[in-house]
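Notes to accompany the following structure.
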Amino acid sequence: MIKEIAAGGALAVMIYLGLNGLNLMPFLFLGGLLYLLAQSGALRSLRRENRPLPQGAFGRVEFGHIGGQEPAKRELMESLDFATNRGGIRRLGIRPIKGILLTGPPGTGKTLLAKAAAAHTNSAFLAASGSEFIEVYAGVGAQRVRQLFADAREAARRGGGSAVIFIDELEVLGGRRGQHTSHLEYDQTLNQLLVAMDGLASDDDQRLLLIGATNRFDLLDPALLRPGRFDRIVRVDLPDREGRLAILRIHTANKPLGPQVSLQRIAGQTFGFSGAHLESVANEAAILALRQGLESLEQKHLEEAVEKVILGEKLPRAPSRDELERIAVHEAGHAIVSEMLNPGSVTAVTVSSRGAALGYVRQEEEADPYLYPLAYLEDRVAVLMAGAVAEEIALGSRSTAASDDLQRAAQIARTIVGSGLSGLGVISEDVIPPTEAQGEARQILKAQESRVRALLRGRRAILVRTCQVLVDRERLSGDELRRLVGPGRRARRRVPRRMGEGTAPAG
Ligand code: ATP
């Protein structure tokens, strides 16, 4: 309404001035230009410059609220103690740490670590994401960087004298210069960040510490990483078994757990999970318990939650009876061969259809290894082949259910060749002709296929019985499966796996 009155008024003034003989062309040109700028969003962006960056809702997080990540916590705390000891820094003439870079996969607790760093040093906490600095218009991002540092100084002045600035997705703002199509804006923003970091001095009244986080360390501009800018680079990795247990304990601390619950076992079944996945497991388990009207979480809720987090929600469309039988045979094949090669390794087999798979075998691990021996890799290929071979033996034909398994098996075969573990000898892949490497990988797959066929051929009856039970009950626990399969062949050697073998949906 106000806009319309203003436009009407402006028009009336123009007509009056025009009637009095004034040249209106410059006014019309300027008005048109302003209109175009406003429509294209440039003015909106420039106006946004001066608004403080969104900081989200940050509760107080302390290092004790972060499970696992002991090396990262230790390294971060050392850097912080060193940064807060101002007397010592002055006395010894030390240049204070200006920046700490946290690198690692998503959901591993980088943001939590930055918040805990702020709490540990009693500092104000300001957070922003790299993508918030990037605009099409040159200069806007740089202005936002200046604004962020000014806000941090102000927050430090009002608070305890120090502030932590946390920039997530640093690679968006700090990517290598000269690589983007809109060079100027990206480069100016990064330059401004470098200037702002260089401006941090030990004798400042307000102490600022910049903590950056990235999943793509490789994309960062080397200028950011040179000493005097991000002085410490702290790796925040996926948690190991102990770490997973600690994170599960943290996220179930506010939930009533039944007496049978073993978080140890859940930690053992969640190899490759991040802290965010584990938080989701605890939450999903509580939702399942609530849906069943129970007062506390049981082991089965946690186990189902693990499956849900890996595979997603159950599919709305149920497979036909024939499809279900095929899926059950396929999963039974994976599970039986896994038990034969590594007795005690299966924790559950399921044929309930979920987002990413139609069936699933879950396996337990005893430790997170750093290295994989050849026998372990061959067993993994054998277990992956077992679904397709079981279909062939029990149903007389194979299906597309094995496509994902075969891709993964091929990947392992390539790893065997590339690591010098194949018949080609201790030789790098770089000096093997591609056709020869492919031929060797094919040999490995063929050999494991024959091995699995020999293992399953004599167990057709067990395969069929396991399949029937699975079709009836949708899910078998590891112990139920072992009762059906009988004693395993090999001494127990539990093997770690990131994900269980699953039946891929067709297509
Ligand atoms: P991204 O790289 O995607 O930004 P991030 O590494 O910053 O992820 P956070 O945001 O710190 O991850 O973690 C997300 C959530 O996952 C947290 O709010 C917390 O619930 C849970 N979480 C992650 N790691 C841990 C941990 N080590 N201990 C406890 N909870 C954790």
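A note on labels: chains of the structure tokens are A, B, ... as shown, every chain counts residues from 1, and ligands are counted from 1 in their shown order.
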Open item on the list: Show me, as a VMD selection string, the residues that have an atom within 8 Å of Pro105 in chain A when counting only C-alpha atoms, minus same-chain residues fewer than 3 positions from it.
Closed with: chain A and resid 108 215 236 to 238
Task: ligand 1 neighbours within 8 Å using only C-alpha atoms and all ligand atoms, as a ChimeraX atom specification - done: /A:65-69,104-113,168-169,213-215,236,239,243,246-248,250-251,274-280
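If you measure from each of A:Leu173, A:Leu194, A:Leu208, A:Pro71 to Ala155 in chain A using only C-alpha atoms, the closest one turns out to be A:Leu208.
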Task: DSSP strand (DSSP E) residues within range 286-411 of chain A, listed as a PyMOL selection string - done: chain A and resi 346-350+359-363
All residues 6 Å or closer to range 124-132 of chain A, only C-alpha atoms, same chain fewer than 2 positions away omitted, as a CSV table (one decimal) with N, CA, C and O atoms, in the first residue's frame:
chain,number,residue,atom,x,y,z
A,55,GLN,N,23.4,-17.3,14.3
A,55,GLN,CA,24.3,-18.1,15.1
A,55,GLN,C,23.6,-19.3,15.7
A,55,GLN,O,24.2,-20.1,16.4
A,118,ALA,N,34.9,-23.4,23.3
A,118,ALA,CA,34.4,-22.1,23.7
A,118,ALA,C,34.1,-22.2,25.2
A,118,ALA,O,34.5,-21.3,26.0
A,134,ILE,N,29.1,-16.7,0.7
A,134,ILE,CA,29.2,-16.7,-0.8
A,134,ILE,C,28.0,-16.1,-1.4
A,134,ILE,O,26.9,-16.6,-1.2
A,163,ALA,N,36.7,-14.8,22.5
A,163,ALA,CA,35.6,-15.4,21.7
A,163,ALA,C,36.1,-16.4,20.7
A,163,ALA,O,37.3,-16.3,20.2
A,164,VAL,N,35.3,-17.5,20.5
A,164,VAL,CA,35.7,-18.5,19.5
A,164,VAL,C,34.8,-18.3,18.3
A,164,VAL,O,33.5,-18.2,18.4
A,165,ILE,N,35.4,-18.1,17.1
A,165,ILE,CA,34.6,-18.0,15.9
A,165,ILE,C,34.7,-19.4,15.2
A,165,ILE,O,35.8,-19.9,15.0
A,166,PHE,N,33.5,-20.0,15.0
A,166,PHE,CA,33.5,-21.3,14.3
A,166,PHE,C,33.0,-21.2,12.9
A,166,PHE,O,31.9,-20.7,12.7
A,167,ILE,N,33.7,-21.6,11.9
A,167,ILE,CA,33.3,-21.6,10.6
A,167,ILE,C,33.2,-23.0,10.1
A,167,ILE,O,34.2,-23.7,9.9
A,168,ASP,N,32.0,-23.5,9.9
A,168,ASP,CA,31.7,-24.8,9.3
A,168,ASP,C,31.8,-24.8,7.8
A,168,ASP,O,31.8,-23.7,7.2
A,169,GLU,N,32.0,-25.9,7.2
A,169,GLU,CA,32.1,-26.0,5.7
A,169,GLU,C,33.1,-25.0,5.2
A,169,GLU,O,32.9,-24.2,4.3
A,170,LEU,N,34.3,-25.0,5.8
A,170,LEU,CA,35.3,-24.0,5.5
A,170,LEU,C,35.7,-24.1,4.0
A,170,LEU,O,36.1,-23.1,3.4
A,172,VAL,N,34.0,-24.2,1.4
A,172,VAL,CA,33.2,-23.3,0.5
A,172,VAL,C,33.8,-21.9,0.5
A,172,VAL,O,34.0,-21.3,-0.5
A,173,LEU,N,34.2,-21.5,1.7
A,173,LEU,CA,34.8,-20.1,1.7
A,173,LEU,C,36.3,-20.1,1.5
A,173,LEU,O,36.8,-19.2,0.9
Open item on the list: I'd like the interatomic distance between CA of Ile211 in chain A and CA of Leu102 in chain A, to a tenth of an Å.
Closed with: 7.3 Å
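Once range 325-330 of chain A and its same-chain neighbours fewer than 3 positions away are set aside, Arg321, Asp322, Gly333, His334, Val351, Leu358, Gly359, Gly387, Ala388, Ala390, Glu391, Leu463, Cys467, Leu470, Val471 and Thr503 of chain A remain within 7 Å of it when counting only C-alpha atoms.
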Name the residues in contact with range 291-303 of chain A at a cut-off of 8 Å, using only C-alpha atoms, excluding same-chain residues fewer than 2 positions from it; report them as an mmCIF file with N, CA and C atoms, in the first residue's frame.
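The result, stored in around07.cif:
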data_model
loop_
_atom_site.group_PDB
_atom_site.id
_atom_site.type_symbol
_atom_site.label_atom_id
_atom_site.label_comp_id
_atom_site.auth_asym_id
_atom_site.auth_seq_id
_atom_site.Cartn_x
_atom_site.Cartn_y
_atom_site.Cartn_z
ATOM 1 N N LYS A 255 17.521 -41.800 28.832
ATOM 2 C CA LYS A 255 16.463 -42.736 28.417
ATOM 3 C C LYS A 255 16.481 -43.950 29.331
ATOM 4 N N PRO A 256 15.314 -44.413 29.783
ATOM 5 C CA PRO A 256 15.304 -45.612 30.633
ATOM 6 C C PRO A 256 15.641 -46.858 29.805
ATOM 7 N N LEU A 257 16.661 -47.614 30.245
ATOM 8 C CA LEU A 257 17.072 -48.818 29.500
ATOM 9 C C LEU A 257 16.633 -50.062 30.264
ATOM 10 N N GLY A 258 16.126 -51.049 29.540
ATOM 11 C CA GLY A 258 15.744 -52.311 30.169
ATOM 12 C C GLY A 258 16.983 -53.045 30.681
ATOM 13 N N PRO A 259 16.801 -54.021 31.587
ATOM 14 C CA PRO A 259 17.943 -54.700 32.186
ATOM 15 C C PRO A 259 18.749 -55.528 31.183
ATOM 16 N N GLN A 260 18.094 -55.947 30.079
ATOM 17 C CA GLN A 260 18.801 -56.800 29.095
ATOM 18 C C GLN A 260 19.654 -56.001 28.120
ATOM 19 N N VAL A 261 19.526 -54.695 28.144
ATOM 20 C CA VAL A 261 20.200 -53.897 27.110
ATOM 21 C C VAL A 261 21.719 -53.979 27.259
ATOM 22 N N SER A 262 22.394 -54.287 26.134
ATOM 23 C CA SER A 262 23.864 -54.297 26.138
ATOM 24 C C SER A 262 24.348 -53.277 25.107
ATOM 25 N N ILE A 266 25.712 -53.279 20.897
ATOM 26 C CA ILE A 266 25.316 -52.316 19.854
ATOM 27 C C ILE A 266 26.556 -51.617 19.312
ATOM 28 N N VAL A 281 20.417 -43.617 16.359
ATOM 29 C CA VAL A 281 20.052 -44.966 16.820
ATOM 30 C C VAL A 281 19.341 -44.869 18.168
ATOM 31 N N ALA A 282 19.923 -44.096 19.106
ATOM 32 C CA ALA A 282 19.330 -43.973 20.448
ATOM 33 C C ALA A 282 17.936 -43.357 20.338
ATOM 34 N N GLU A 284 15.868 -43.271 17.620
ATOM 35 C CA GLU A 284 14.916 -44.163 16.936
ATOM 36 C C GLU A 284 14.469 -45.283 17.874
ATOM 37 N N ALA A 285 15.389 -45.793 18.688
ATOM 38 C CA ALA A 285 15.035 -46.883 19.608
ATOM 39 C C ALA A 285 13.981 -46.382 20.598
ATOM 40 N N ALA A 286 14.147 -45.153 21.075
ATOM 41 C CA ALA A 286 13.177 -44.603 22.029
ATOM 42 C C ALA A 286 11.821 -44.425 21.354
ATOM 43 N N ILE A 287 11.841 -44.020 20.060
ATOM 44 C CA ILE A 287 10.568 -43.852 19.336
ATOM 45 C C ILE A 287 9.868 -45.204 19.187
ATOM 46 N N LEU A 288 10.652 -46.261 18.877
ATOM 47 C CA LEU A 288 10.057 -47.599 18.739
ATOM 48 C C LEU A 288 9.423 -48.048 20.056
ATOM 49 N N ALA A 289 10.136 -47.790 21.180
ATOM 50 C CA ALA A 289 9.603 -48.186 22.490
ATOM 51 C C ALA A 289 8.305 -47.421 22.778
ATOM 52 N N ALA A 305 16.669 -50.167 15.503
ATOM 53 C CA ALA A 305 17.060 -48.789 15.179
ATOM 54 C C ALA A 305 18.349 -48.765 14.355
ATOM 55 N N VAL A 306 19.278 -49.702 14.659
ATOM 56 C CA VAL A 306 20.520 -49.768 13.875
ATOM 57 C C VAL A 306 20.179 -50.061 12.416
ATOM 58 N N GLU A 307 19.279 -51.035 12.211
ATOM 59 C CA GLU A 307 18.888 -51.374 10.844
ATOM 60 C C GLU A 307 18.229 -50.193 10.159
#
Task: Nearest candidate to Asn122 in chain A (options A:Gly272, A:Pro26, A:Gly93, A:Gly160; using only C-alpha atoms) - done: A:Gly160
TODO: Would you mind telling me which residue in A:Gln143, A:Leu481, A:Ile393, A:Arg74 lies nearest to Gly458 in chain A when using only C-alpha atoms?
DONE: A:Ile393
Task: Between CA of Gly161 in chain A and CA of Ile100 in chain A, distance in Å (one decimal) - done: 19.0 Å
Open item on the list: List as a PyMOL selection string the protein and nucleic acid residues near Val349 in chain A, meaning an atom at most 10 Å away when only C-alpha atoms are counted, but skip any in the same chain fewer than 4 places from it.
Closed with: chain A and resi 328+331-332+334-335+359-363+470+474-478+480-481+500-502
I need the chosen residues saved as an mmCIF file, in the first residue's frame, with C-alpha atoms.
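Saved file part-v1.cif follows:
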data_model
loop_
_atom_site.group_PDB
_atom_site.id
_atom_site.type_symbol
_atom_site.label_atom_id
_atom_site.label_comp_id
_atom_site.auth_asym_id
_atom_site.auth_seq_id
_atom_site.Cartn_x
_atom_site.Cartn_y
_atom_site.Cartn_z
ATOM 1 C CA ALA A 328 14.910 -64.997 1.953
ATOM 2 C CA GLU A 331 19.884 -63.556 2.613
ATOM 3 C CA ALA A 332 20.011 -67.094 4.012
ATOM 4 C CA HIS A 334 24.869 -64.789 2.845
ATOM 5 C CA ALA A 335 24.166 -65.680 6.479
ATOM 6 C CA GLY A 359 16.837 -57.894 2.997
ATOM 7 C CA TYR A 360 19.865 -57.663 5.170
ATOM 8 C CA VAL A 361 22.411 -59.678 7.160
ATOM 9 C CA ARG A 362 24.026 -57.886 10.065
ATOM 10 C CA GLN A 363 27.370 -58.967 11.434
ATOM 11 C CA LEU A 470 12.672 -66.220 7.404
ATOM 12 C CA GLU A 474 10.850 -61.811 8.673
ATOM 13 C CA ARG A 475 13.767 -61.764 11.083
ATOM 14 C CA LEU A 476 16.127 -64.298 12.683
ATOM 15 C CA SER A 477 18.579 -63.491 15.432
ATOM 16 C CA GLY A 478 22.158 -64.755 15.131
ATOM 17 C CA GLU A 480 18.379 -68.702 16.009
ATOM 18 C CA LEU A 481 20.307 -68.912 12.754
ATOM 19 C CA GLY A 500 25.954 -56.274 6.098
ATOM 20 C CA GLU A 501 25.223 -58.014 2.828
ATOM 21 C CA GLY A 502 21.877 -56.908 1.510
#
